[in-house]
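Taking it in order: structure first as structure tokens, then the write-up.
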Amino acid sequence: RSTLFPYTTLFRSLLPALSPLAAAQRLPTTVIPSHYKLWIDPVIQKQQFSGEETIDVQLAQASYEIVLNSLNLEIGSAEVIAGGKTQQAEVTYDQPDEMIRLKVTEPISAGPASLHLKFSGKLTAGLRGLYLSKTARRSYAVTQFEGTYARMMFPGFDEPGFKATFDLTVVADKGDTVISNGRIIHDVPAADPARHTLTFSTSPKMSTYLVALAVGDWQCLERKVDAVPIRVCAVPESKDKAKFALDVATHSVQFYNQWYGIKYPFGKLDMLAIPDYEWGGMENTASIFYRDTSLLLDEATASVFSRRAHATVIAHEIAHQWFGDLEIGRAHV
């Protein structure tokens with residue numbers, strides 16, 4: 001008999017009490033997102049950000065209300081567009097369940113609709129949501145969304161089963177760049193001459209917890225593997241320690257291309273070393289984030305045990321690009 005038996009019995013005895021709470025924290029499945037158009041303006045010096053989004057959704061039935069996840073965000077305005085009509089929505093906050101409710105006066109018909117929201121929030125001091133990562137030299141804005149922290153950066157359907165595509169646009173200081181799930185397809189001056197606006201290619205269909213964003217003066221080493229560009233990026237003072245990770249990534253992608261019988265599916269692969277990060281690594285789609293001590297390595301002094309540990313973490317996160325990120329079987333359809 002398992003030594004976990006007493007704990008298993010206790011857990012089962014608690015299930016009746018826990019089930020209503022769990023149900024209360026889940027979104028209705030009558031509204032399904034398909035696409036997010038998301039604009040984010042993080043101002044690192046002020047430790048705050050603003051945003052705007054349009055979410056394309058499909059309603060299974062007519063409704064006066066749409067429920068989204070949102071945590072510690074201030075909603076400036078909300079509109080529901082459906083059937084050629086735009087309605088201003090009343091926003092009510094359900095803080096305990098990390099939700100907001102958009103209520104309208106006329107019913108939203110079953111079928112396609114769009115939600116348009118403006119919002120703002122703070123760059124957190126913790127390691128979740130869109131947060132501040134710091135070195136002795138400066139601060140960075142980076143994301144950690146697994147498992148339910150995307151709702152700290154933008155209102156949305158923040159459960160793994162609600163998969164959608166994402167178009168992301170980010171405003172950054174002129175000397176900074178941005179890393180995300182897609183490739184940079186436009187980089188133009190912003191209204192403020194000290195800043196610029198970067199637009200990324202449309203992401204694959206994915207869960208919200210796989211969305212990635214990192215703003216800073218990142219520098220990268222790069223090579224191509226089977227026509228796929230691979231980059232390992234870090235703060236400038238650590239860039240020289242990225243070569244080992246690039247070698248491991250090269251061999252890993254080559255191996256997995258053969259092992260899975262499916263070529264790497266996302267067009268590019270970025271791996272970023274973050275100065276302070278909750279996990280050793282996180283398999284954001286096409287943009288894997290690592291704690292810097294799990295990705296960067298000084299080959300002149302590293303032991304064989306350190307090399308093995310680093311290679312294991314890197315290969316593990318790259319493998320998730322296939323088993324995990326590529327999986328669409330549990331998506332709402």
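Labels for the structure tokens follow display order: chains A, B, ..., residues from 1 in each chain, ligands from 1.
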Which residues of range 19-133 of chain A come within 9 Å of range 200-213 of chain A, and what is each one's closest atom pair and distance in Å (one decimal), counting only C-alpha atoms, sorted by chain and residue number, as a Markdown table?
```
| residue | atom | partner | partner_atom | distance |
| --- | --- | --- | --- | --- |
| A:Ser34 | CA | A:Lys205 | CA | 8.3 |
| A:His35 | CA | A:Lys205 | CA | 8.5 |
| A:Leu130 | CA | A:Leu213 | CA | 8.0 |
```
Taking N, CA, C and O atoms for each residue, export the selection above as a PDB file, in the first residue's frame.
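Okay, this is what ended up in part.pdb:
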```pdb
ATOM      1  N   SER A  34     -10.842  33.302 -30.308  1.00  0.00           N
ATOM      2  CA  SER A  34     -10.083  32.765 -31.446  1.00  0.00           C
ATOM      3  C   SER A  34      -8.838  33.592 -31.751  1.00  0.00           C
ATOM      4  O   SER A  34      -7.854  33.061 -32.274  1.00  0.00           O
ATOM      5  N   HIS A  35      -8.872  34.902 -31.429  1.00  0.00           N
ATOM      6  CA  HIS A  35      -7.740  35.755 -31.775  1.00  0.00           C
ATOM      7  C   HIS A  35      -7.679  36.968 -30.851  1.00  0.00           C
ATOM      8  O   HIS A  35      -8.721  37.539 -30.498  1.00  0.00           O
ATOM      9  N   LEU A 130       3.562  40.332 -15.766  1.00  0.00           N
ATOM     10  CA  LEU A 130       4.566  41.196 -16.402  1.00  0.00           C
ATOM     11  C   LEU A 130       5.306  41.892 -15.272  1.00  0.00           C
ATOM     12  O   LEU A 130       4.753  42.760 -14.599  1.00  0.00           O
TER      13      LEU A 130
END
```
Taking only range 31-195 of chain A into account, list the residues labelled strand (DSSP E) by DSSP (computed from the backbone), as a count of residues only. 104
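In this comparison, which uses only C-alpha atoms, the residue of A:Gln87, A:Gln47, A:Thr285, A:Ser109 approaching Val31 in chain A most closely is A:Ser109.
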Which residues are close to Pro155 in chain A, i.e. within 8 Å by only C-alpha atoms, leaving aside same-chain residues fewer than 6 positions away? Reply as a ChimeraX atom specification. /A:68-71,73
Next, write the just-selected residues to a file, as a CSV table (one decimal), in the first residue's frame, keeping N, CA, C and O atoms as the atom set.
```csv
chain,number,residue,atom,x,y,z
A,68,LEU,N,-14.4,37.4,-18.2
A,68,LEU,CA,-13.0,37.3,-18.5
A,68,LEU,C,-12.2,37.2,-17.2
A,68,LEU,O,-12.6,37.6,-16.2
A,69,ASN,N,-11.0,36.6,-17.4
A,69,ASN,CA,-10.0,36.7,-16.3
A,69,ASN,C,-9.3,38.0,-16.3
A,69,ASN,O,-8.9,38.5,-17.3
A,70,SER,N,-9.1,38.6,-15.1
A,70,SER,CA,-8.3,39.8,-15.0
A,70,SER,C,-7.8,39.9,-13.5
A,70,SER,O,-8.6,39.6,-12.6
A,71,LEU,N,-6.6,40.3,-13.3
A,71,LEU,CA,-6.1,40.3,-11.9
A,71,LEU,C,-5.2,41.6,-11.8
A,71,LEU,O,-4.2,41.8,-12.5
A,73,LEU,N,-5.7,44.6,-12.6
A,73,LEU,CA,-5.7,45.5,-13.8
A,73,LEU,C,-6.8,46.5,-13.6
A,73,LEU,O,-7.9,46.2,-13.1
```
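By only C-alpha atoms, and with residues fewer than 2 positions from Ser139 in chain A along its chain excluded, the set lying at most 12 Å from it is Pro42, Val43, Ile44, Gln45, Lys46, Gln47, Leu123, Thr124, Ala125, Tyr131, Leu132, Ser133, Lys134, Thr135, Ala136, Arg137, Ala141, Val142, Asp176, Ala214, Val215, Gly216, Asp217, Trp218, Val235, Ile274, Pro275 and Asp276 of chain A.
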Selection above as a file: C-alpha atoms, as a PDB file, in the first residue's frame:
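Written out: part.pdb:
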```
ATOM      1  CA  PRO A  42       5.498  49.028 -20.527  1.00  0.00           C
ATOM      2  CA  VAL A  43       7.281  52.026 -18.978  1.00  0.00           C
ATOM      3  CA  ILE A  44      10.044  50.365 -16.992  1.00  0.00           C
ATOM      4  CA  GLN A  45      11.246  53.523 -15.235  1.00  0.00           C
ATOM      5  CA  LYS A  46       7.746  54.169 -13.847  1.00  0.00           C
ATOM      6  CA  GLN A  47       7.103  50.472 -13.106  1.00  0.00           C
ATOM      7  CA  LEU A 123       5.016  46.038 -13.286  1.00  0.00           C
ATOM      8  CA  THR A 124       5.120  43.757 -10.277  1.00  0.00           C
ATOM      9  CA  ALA A 125       8.034  43.188  -7.931  1.00  0.00           C
ATOM     10  CA  TYR A 131       7.229  41.926 -13.816  1.00  0.00           C
ATOM     11  CA  LEU A 132      10.494  43.740 -13.177  1.00  0.00           C
ATOM     12  CA  SER A 133      13.668  41.687 -13.489  1.00  0.00           C
ATOM     13  CA  LYS A 134      16.748  43.503 -12.190  1.00  0.00           C
ATOM     14  CA  THR A 135      20.503  43.481 -12.504  1.00  0.00           C
ATOM     15  CA  ALA A 136      22.914  45.828 -10.745  1.00  0.00           C
ATOM     16  CA  ARG A 137      22.860  47.955 -13.907  1.00  0.00           C
ATOM     17  CA  ALA A 141      10.188  43.942 -18.133  1.00  0.00           C
ATOM     18  CA  VAL A 142       9.572  40.218 -18.619  1.00  0.00           C
ATOM     19  CA  ASP A 176      15.790  48.420 -26.088  1.00  0.00           C
ATOM     20  CA  ALA A 214      10.673  40.530 -22.658  1.00  0.00           C
ATOM     21  CA  VAL A 215      11.778  44.165 -22.988  1.00  0.00           C
ATOM     22  CA  GLY A 216      15.404  45.236 -22.562  1.00  0.00           C
ATOM     23  CA  ASP A 217      18.839  45.688 -24.128  1.00  0.00           C
ATOM     24  CA  TRP A 218      19.161  41.987 -24.951  1.00  0.00           C
ATOM     25  CA  VAL A 235      21.930  40.929 -20.892  1.00  0.00           C
ATOM     26  CA  ILE A 274      16.595  36.317 -17.416  1.00  0.00           C
ATOM     27  CA  PRO A 275      18.419  37.646 -14.325  1.00  0.00           C
ATOM     28  CA  ASP A 276      15.691  36.496 -11.920  1.00  0.00           C
TER      29      ASP A 276
END
```
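Put simply, CA of Arg291 in chain A is 8.4 Å away from CA of Leu272 in chain A.
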Can you list every residue in range 12-257 of chain A that DSSP puts in alpha helix (DSSP H), as a PyMOL selection string? chain A and resi 12-24+243-257
